[in-house]
Amino acid sequence: MLRSWLYRLDTKASPYLYILPFFALFAALSAFPLLYTGWVSLHDWSLLEDEHAFLGAANYLTLLADPAFWNALFNTVSILVLSTVPQLLLALLLAHLLSGRLRGQTFWRLSLLLPNLTSVAAVAIIFGQLFGRDYGLVNWVLGVFGAGQIDWAAGTASSHAAISAMVIWRWTGYNALIYLAAMQAVPQSLHEAAIIDGASSLQRLRKITIPAIRPTIIFTVIVSTIGGMQMFAEPLLFGGGQPGGGNDHQFQTLTLYLFEAGFGRFDLGFASATAWVMFALVLVAAAVNYLLIRRIRST
Amino acid sequence: MDLTLARVRHARRRVRRPGRLAYLTLAAVAFFSAFPLYYSVVVGSLDNSALGQVPPPVLPGPNLLSNIQRVFATVPFDLALLNTAVVAGAITFSQILSSTLAGFAFAKLRFRGRNGLYLGVVATMMVPTQLGIIPLYMMMAEIGWIDTLYAVIAPSLVSAFGVFFMAQYLSGAIPGELIEAARVDGCTTFGLFWRVILPLARPAAAVLGMLTFMNAWNDFFWPLVVLSPENPTVQVALSTVSSGYSVDYSFVLAATTVGTLPLLVVAAVFGRQIIQGIMHGALKG
């Protein structure tokens with residue numbers, strides 16, 4: 001009697017014990033902070049004071065009226081587009097090249113992974129040097145071709161390009177590996193039939209591979225969007241560790257803007273409002289990209 | 001007839017054997033992947049005054065060790081390496097443990113609400129939890145953990161991706177008959193976990209461990225928020241170095257080289273497994 005009761009308890013109840021550590025810690029340290037952000041955002045909340053006056057939507061109204069916020073949003077979206085589009089196209093091409101039976105598979109794949117192993121901070125520092133105005137290698141190469149010395153950090157377009165280069169360098173190979181994994185599930189016979197019909201390699205990529213790995217493409221686009229909307233380390237270190245994003249805020253991203261409000265001015269209520277708006281924007285951006293990319297139809 | 005057969009064979013070969021163009025492109029990609037890292041070693045091994053040369057230097061100089069010594073003498077880089085190892089080690093251990101436990105329950109146990117909860121795990125993988133940093137910071141300040149490693153470790157103790165990764169692996173790798181046979185032999189749920197699941201989960205746990213360790217080693221935003229330059233992780237120290245001494249590139253890039261080296265060693269040893277892990281995790285996603 002007791003044994004069967006214990007057995008029932010073990011099979012019915014104990015599964016919850018196994019998922020408890022994950023859910024308890026996730027609730028306390030991820031879900032709760034994210035939700036509590038909403039509560040803080042309705043208050044005048046400074047780290048130094050104990051009294052937090054209720055403000056209602058005031059923080060949100062201030063945020064939406066701040067030109068610096070819209071500037072940060074523009075910069076974030078601009079860098080997001082400039083970095084994601086070339087990165088994913090390049091990754092597709094590379095994966096297509098790697099999908100055949102190459103000699104030295106592991107070597108080529110490792111070389112794709114190498115940039116991703118490098119930390120964001122290291123990447124930002126190294127590229128900051130490469131894109132330096134005076135001694136940067138990029139400017140020297142451009143100088144050989146007769147182009148003038150570019151002060152990469154000074155301009156809006158040039159700083160966005162330099163920051164995008166960091167992202168593209170760090171993530172292209174990683175995404176190529178993900179595409180490669182998906183491509184291995186595409187039946188060989190499809191490609192063979194297409195070759196017999198005289199299709200070129202690029203045609204096969206467009207007409208067979210891309211429609212076949214569409215779910216994976218959607219996945220990478222959404223992950224890149226979520227990551228890109230929260231870009232932080234690259235613009236911070238490109239600007240010498242200052243959250244302003246350059247003299248005219250020309251490359252201040254949303255996360256830098258949030259960081260400046262929260263940990264520069266310690267205006268936690270306002271920073272929380274920024275975080276909630278960013279959260280909504282991430283969802284919108286992911287949804288928009290999902291709808292756009294879903295239009296790739298299998299033919 | 002023969003002609004068709006020949007064309008089919010030709011087609012098979014073309015699918016399988018990439019041409020010279022493929023190797024050329026890949027060689028170019030390998031060059032671009034490695035060059036920035038190589039160049040940071042070059043700059044890190046020179047005297048800062050050598051950087052103004054025309055054409056710019058492309059070969060390493062003699063000063064790498066002295067520059068690295070300068071880094072260790074100026075910022076607490078040895079402490080940073082130790083801190084990062086502790087943080088990454090603790091996070092990796094905790095994530096493997098919690099992910100294997102939950103992954104086992106989702107993959108192999110029947111309980112009410114399982115599907116809904118699992119869907120919740122998958123959905124939270126996409127949630128930008130980083131946006132909760134303000135209350136998280138307030139919590140850490142409340143407990144008095146600011147500027148301690150606890151504050152860095154705590155938010156990363158569990159990950160939805162880890163649970164998903166282990167659940168996917170365990171549901172595929174462990175046959176249901178094995179579970180039933182153990183049950184018939186009178187195995188309790190914990191016995192099942194300890195004697196059957198844990199040994200079989202090892203390959204996936206190793207891959208998850210490497211991915212987690214790398215992410216923890218490279219994490220930047222949160223450690224920068226809660227730690228001070230006096231008690232940094234490697235990434236925080238790099239941020240300090242590049243912000244404070246930005247003109248001295250050979251100094252900064254010598255530090256970057258030291259901070260990157262441990263992961264390159266890990267990659268050299270476990271590269272194949274890391275690649276498999278990324279490709280495997282992605283395929284299931």
# chains A, B, ... in the order shown; residues from 1 in each chain; ligands from 1
$ interface_residues --of "chain A" --to "chain B" --cutoff "6 Å" --atoms "only C-alpha atoms" --output "compact mmCIF listing (two decimals) with N, CA and C atoms, in the first residue's frame"
# COMPACT_ATOMS: atom_id res chain seq x y z
N PRO A 15 8.50 14.79 -11.32
CA PRO A 15 8.93 15.54 -12.51
C PRO A 15 9.06 17.04 -12.27
N TYR A 18 12.36 18.30 -11.06
CA TYR A 18 13.46 18.37 -12.01
C TYR A 18 13.43 19.67 -12.81
N ILE A 19 12.23 20.19 -13.03
CA ILE A 19 12.17 21.45 -13.78
C ILE A 19 12.18 22.65 -12.84
N PHE A 22 15.30 25.25 -12.89
CA PHE A 22 15.28 26.15 -14.03
C PHE A 22 14.21 27.22 -13.86
N LEU A 29 15.31 35.71 -11.67
CA LEU A 29 16.42 36.51 -12.17
C LEU A 29 16.27 36.95 -13.62
N SER A 30 15.23 36.48 -14.32
CA SER A 30 15.02 36.94 -15.69
C SER A 30 13.62 37.49 -15.88
N PRO A 33 12.67 40.56 -13.18
CA PRO A 33 13.26 41.85 -13.51
C PRO A 33 12.63 42.49 -14.75
N LEU A 34 12.37 41.64 -15.75
CA LEU A 34 11.80 42.19 -16.99
C LEU A 34 10.42 42.79 -16.73
N LEU A 97 28.83 27.18 -50.79
CA LEU A 97 30.14 26.72 -51.24
C LEU A 97 30.63 25.53 -50.40
N GLY A 100 29.32 21.25 -50.50
CA GLY A 100 29.86 20.10 -51.23
C GLY A 100 30.85 19.33 -50.39
N ARG A 101 31.42 18.29 -50.98
CA ARG A 101 32.41 17.54 -50.22
C ARG A 101 33.78 18.16 -50.41
N SER A 111 37.75 28.04 -39.56
CA SER A 111 38.08 29.41 -39.96
C SER A 111 36.83 30.29 -39.99
N PRO A 115 36.13 34.10 -35.92
CA PRO A 115 35.71 35.44 -35.48
C PRO A 115 34.69 35.39 -34.36
N SER A 119 35.84 37.77 -28.46
CA SER A 119 34.80 38.48 -27.71
C SER A 119 34.41 39.77 -28.41
N ALA A 122 36.85 42.50 -27.71
CA ALA A 122 38.09 42.39 -28.48
C ALA A 122 37.86 42.80 -29.93
N TYR A 135 46.44 55.96 -38.06
CA TYR A 135 47.29 54.81 -38.31
C TYR A 135 46.50 53.58 -38.73
N ILE A 178 25.24 27.60 -39.46
CA ILE A 178 23.85 27.23 -39.22
C ILE A 178 23.15 26.89 -40.54
N ALA A 181 24.25 23.48 -41.74
CA ALA A 181 23.55 22.38 -41.06
C ALA A 181 22.20 22.13 -41.72
N ALA A 182 21.49 23.22 -42.04
CA ALA A 182 20.17 23.06 -42.65
C ALA A 182 20.29 22.50 -44.06
N GLU A 192 20.97 17.22 -58.17
CA GLU A 192 21.42 16.46 -59.35
C GLU A 192 20.47 16.66 -60.51
N ILE A 195 21.01 20.03 -62.06
CA ILE A 195 22.23 20.12 -62.87
C ILE A 195 21.99 19.50 -64.24
N GLY A 240 35.32 55.08 -27.61
CA GLY A 240 36.25 55.24 -26.51
C GLY A 240 35.66 54.96 -25.15
N GLY A 241 34.64 54.11 -25.08
CA GLY A 241 34.06 53.76 -23.80
C GLY A 241 33.01 54.73 -23.31
N ALA A 275 13.73 50.76 -21.58
CA ALA A 275 13.84 49.31 -21.75
C ALA A 275 12.51 48.72 -22.24
$ residues_around --residues "Leu170 in chain B" --least-positions-apart "4" --cutoff "7 Å" --atoms "only C-alpha atoms" --output "ChimeraX atom specification"
/B:104,107,166,174,201
$ residues_around --residues "range 58-73 of chain A" --least-positions-apart "6" --cutoff "12 Å" --atoms "only C-alpha atoms" --output "PyMOL selection string"
chain A and resi 38-45+79-80+156+160+228-232+235+243-246+248-258+260-261+267-278+281-282+285
$ closest_residue --among "A:Phe145, A:Phe238, A:Tyr179, A:Trp5" --to "Leu93 in chain A" --atoms "only C-alpha atoms"
A:Tyr179
$ atom_distance --atom1 "CA of Asn116 in chain A" --atom2 "CA of Phe164 in chain B"
21.9 Å
$ select_by_dssp --residues "range 184-272 of chain A" --states "alpha helix (DSSP H)" --output "ChimeraX atom specification"
/A:188-196,201-204,210-212,214-229,233-238,254-259,268-272
$ write_last_selection --atoms "N, CA and C atoms" --output "CSV table (one decimal), in the first residue's frame"
chain,number,residue,atom,x,y,z
A,188,GLN,N,20.0,15.5,-52.0
A,188,GLN,CA,21.0,15.6,-53.1
A,188,GLN,C,20.3,15.5,-54.5
A,189,SER,N,19.3,14.6,-54.5
A,189,SER,CA,18.7,14.3,-55.8
A,189,SER,C,18.1,15.6,-56.5
A,190,LEU,N,17.6,16.5,-55.7
A,190,LEU,CA,17.1,17.7,-56.2
A,190,LEU,C,18.2,18.5,-57.0
A,191,HIS,N,19.4,18.6,-56.3
A,191,HIS,CA,20.5,19.3,-57.0
A,191,HIS,C,20.9,18.6,-58.3
A,192,GLU,N,21.0,17.2,-58.2
A,192,GLU,CA,21.4,16.5,-59.3
A,192,GLU,C,20.5,16.7,-60.5
A,193,ALA,N,19.2,16.6,-60.2
A,193,ALA,CA,18.2,16.8,-61.3
A,193,ALA,C,18.3,18.2,-61.9
A,194,ALA,N,18.6,19.2,-61.0
A,194,ALA,CA,18.7,20.6,-61.5
A,194,ALA,C,19.9,20.7,-62.4
A,195,ILE,N,21.0,20.0,-62.1
A,195,ILE,CA,22.2,20.1,-62.9
A,195,ILE,C,22.0,19.5,-64.2
A,196,ILE,N,21.3,18.4,-64.3
A,196,ILE,CA,21.0,17.7,-65.5
A,196,ILE,C,20.1,18.7,-66.4
A,201,SER,N,25.1,26.9,-60.5
A,201,SER,CA,25.2,26.8,-59.0
A,201,SER,C,24.4,27.9,-58.3
A,202,LEU,N,24.4,29.1,-58.8
A,202,LEU,CA,23.7,30.2,-58.2
A,202,LEU,C,22.2,29.9,-58.4
A,203,GLN,N,21.8,29.4,-59.5
A,203,GLN,CA,20.3,29.1,-59.8
A,203,GLN,C,19.9,28.1,-58.8
A,204,ARG,N,20.7,27.1,-58.5
A,204,ARG,CA,20.4,26.0,-57.6
A,204,ARG,C,20.2,26.6,-56.2
A,210,ILE,N,17.5,27.9,-51.0
A,210,ILE,CA,16.8,28.9,-50.2
A,210,ILE,C,15.4,28.5,-49.8
A,211,PRO,N,14.6,28.1,-50.8
A,211,PRO,CA,13.2,27.7,-50.4
A,211,PRO,C,13.2,26.5,-49.4
A,212,ALA,N,14.2,25.6,-49.6
A,212,ALA,CA,14.2,24.4,-48.7
A,212,ALA,C,14.6,24.8,-47.3
A,214,ARG,N,14.1,27.6,-45.7
A,214,ARG,CA,13.4,28.8,-45.3
A,214,ARG,C,13.2,29.0,-43.8
A,215,PRO,N,12.8,27.9,-43.1
A,215,PRO,CA,12.7,28.0,-41.6
A,215,PRO,C,13.9,28.5,-40.9
A,216,THR,N,15.1,27.9,-41.4
A,216,THR,CA,16.4,28.3,-40.8
A,216,THR,C,16.7,29.8,-41.1
A,217,ILE,N,16.4,30.2,-42.3
A,217,ILE,CA,16.6,31.6,-42.7
A,217,ILE,C,15.8,32.5,-41.8
A,218,ILE,N,14.5,32.2,-41.6
A,218,ILE,CA,13.6,33.0,-40.7
A,218,ILE,C,14.3,33.0,-39.3
A,219,PHE,N,14.7,31.9,-38.8
A,219,PHE,CA,15.3,31.8,-37.5
A,219,PHE,C,16.5,32.8,-37.4
A,220,THR,N,17.4,32.7,-38.4
A,220,THR,CA,18.6,33.6,-38.3
A,220,THR,C,18.3,35.0,-38.4
A,221,VAL,N,17.3,35.4,-39.2
A,221,VAL,CA,16.9,36.8,-39.4
A,221,VAL,C,16.3,37.3,-38.0
A,222,ILE,N,15.5,36.5,-37.4
A,222,ILE,CA,14.9,36.9,-36.1
A,222,ILE,C,16.0,37.0,-35.0
A,223,VAL,N,16.8,36.0,-34.9
A,223,VAL,CA,17.9,36.1,-33.9
A,223,VAL,C,18.8,37.3,-34.2
A,224,SER,N,19.2,37.5,-35.4
A,224,SER,CA,20.0,38.7,-35.7
A,224,SER,C,19.3,40.0,-35.4
A,225,THR,N,18.0,40.0,-35.7
A,225,THR,CA,17.3,41.3,-35.4
A,225,THR,C,17.2,41.5,-33.9
A,226,ILE,N,16.9,40.5,-33.1
A,226,ILE,CA,16.9,40.7,-31.6
A,226,ILE,C,18.2,41.1,-31.1
A,227,GLY,N,19.3,40.5,-31.6
A,227,GLY,CA,20.6,40.8,-31.2
A,227,GLY,C,21.0,42.3,-31.6
A,228,GLY,N,20.7,42.6,-32.9
A,228,GLY,CA,21.1,43.9,-33.4
A,228,GLY,C,20.3,45.0,-32.7
A,229,MET,N,19.1,44.8,-32.3
A,229,MET,CA,18.3,45.9,-31.7
A,229,MET,C,19.0,46.2,-30.3
A,233,ALA,N,28.2,46.8,-27.2
A,233,ALA,CA,29.7,46.8,-27.0
A,233,ALA,C,30.4,47.5,-28.1
A,234,GLU,N,30.0,47.2,-29.3
A,234,GLU,CA,30.7,47.8,-30.5
A,234,GLU,C,30.6,49.3,-30.5
A,235,PRO,N,29.4,49.9,-30.4
A,235,PRO,CA,29.4,51.4,-30.4
A,235,PRO,C,30.0,52.0,-29.2
A,236,LEU,N,29.9,51.3,-28.0
A,236,LEU,CA,30.5,51.8,-26.8
A,236,LEU,C,32.0,52.0,-26.9
A,237,LEU,N,32.6,50.9,-27.3
A,237,LEU,CA,34.1,50.9,-27.4
A,237,LEU,C,34.6,51.6,-28.6
A,238,PHE,N,33.8,51.7,-29.7
A,238,PHE,CA,34.2,52.5,-30.8
A,238,PHE,C,34.2,53.9,-30.4
A,254,LEU,N,20.3,52.4,-29.1
A,254,LEU,CA,19.2,52.4,-28.1
A,254,LEU,C,19.8,51.9,-26.7
A,255,THR,N,20.6,50.8,-26.8
A,255,THR,CA,21.1,50.3,-25.5
A,255,THR,C,22.1,51.3,-24.9
A,256,LEU,N,22.9,52.0,-25.7
A,256,LEU,CA,23.8,53.0,-25.2
A,256,LEU,C,22.9,54.1,-24.5
A,257,TYR,N,21.8,54.5,-25.2
A,257,TYR,CA,20.9,55.5,-24.6
A,257,TYR,C,20.4,55.1,-23.3
A,258,LEU,N,20.0,53.8,-23.2
A,258,LEU,CA,19.5,53.2,-22.0
A,258,LEU,C,20.6,53.2,-20.9
A,259,PHE,N,21.8,52.8,-21.3
A,259,PHE,CA,22.9,52.7,-20.4
A,259,PHE,C,23.2,54.1,-19.8
A,268,LEU,N,16.7,55.7,-13.0
A,268,LEU,CA,16.3,54.3,-13.2
A,268,LEU,C,14.9,54.2,-13.8
A,269,GLY,N,14.0,55.1,-13.4
A,269,GLY,CA,12.6,55.1,-13.9
A,269,GLY,C,12.6,55.4,-15.4
A,270,PHE,N,13.4,56.4,-15.8
A,270,PHE,CA,13.4,56.7,-17.3
A,270,PHE,C,14.1,55.6,-18.0
A,271,ALA,N,15.2,55.1,-17.5
A,271,ALA,CA,15.9,54.0,-18.2
A,271,ALA,C,15.0,52.8,-18.3
A,272,SER,N,14.1,52.5,-17.3
A,272,SER,CA,13.2,51.4,-17.4
A,272,SER,C,12.1,51.6,-18.5
$ residues_around --residues "Leu180 in chain A" --least-positions-apart "6" --cutoff "8 Å" --atoms "only C-alpha atoms" --output "list in words"
Ala95, His96, Leu98 and Ser99 of chain A; Met279 of chain B
$ write_last_selection --atoms "C-alpha atoms" --output "PDB file, in the first residue's frame"
ATOM      1  CA  ALA A  95      27.356  27.769 -46.778  1.00  0.00           C
ATOM      2  CA  HIS A  96      26.449  26.944 -50.380  1.00  0.00           C
ATOM      3  CA  LEU A  98      30.889  24.595 -48.188  1.00  0.00           C
ATOM      4  CA  SER A  99      27.980  22.217 -48.707  1.00  0.00           C
TER       5      SER A  99
ATOM      6  CA  MET B 279      25.161  23.117 -36.201  1.00  0.00           C
TER       7      MET B 279
END
$ atom_distance --atom1 "CA of Ala161 in chain A" --atom2 "CA of Leu82 in chain A"
7.1 Å
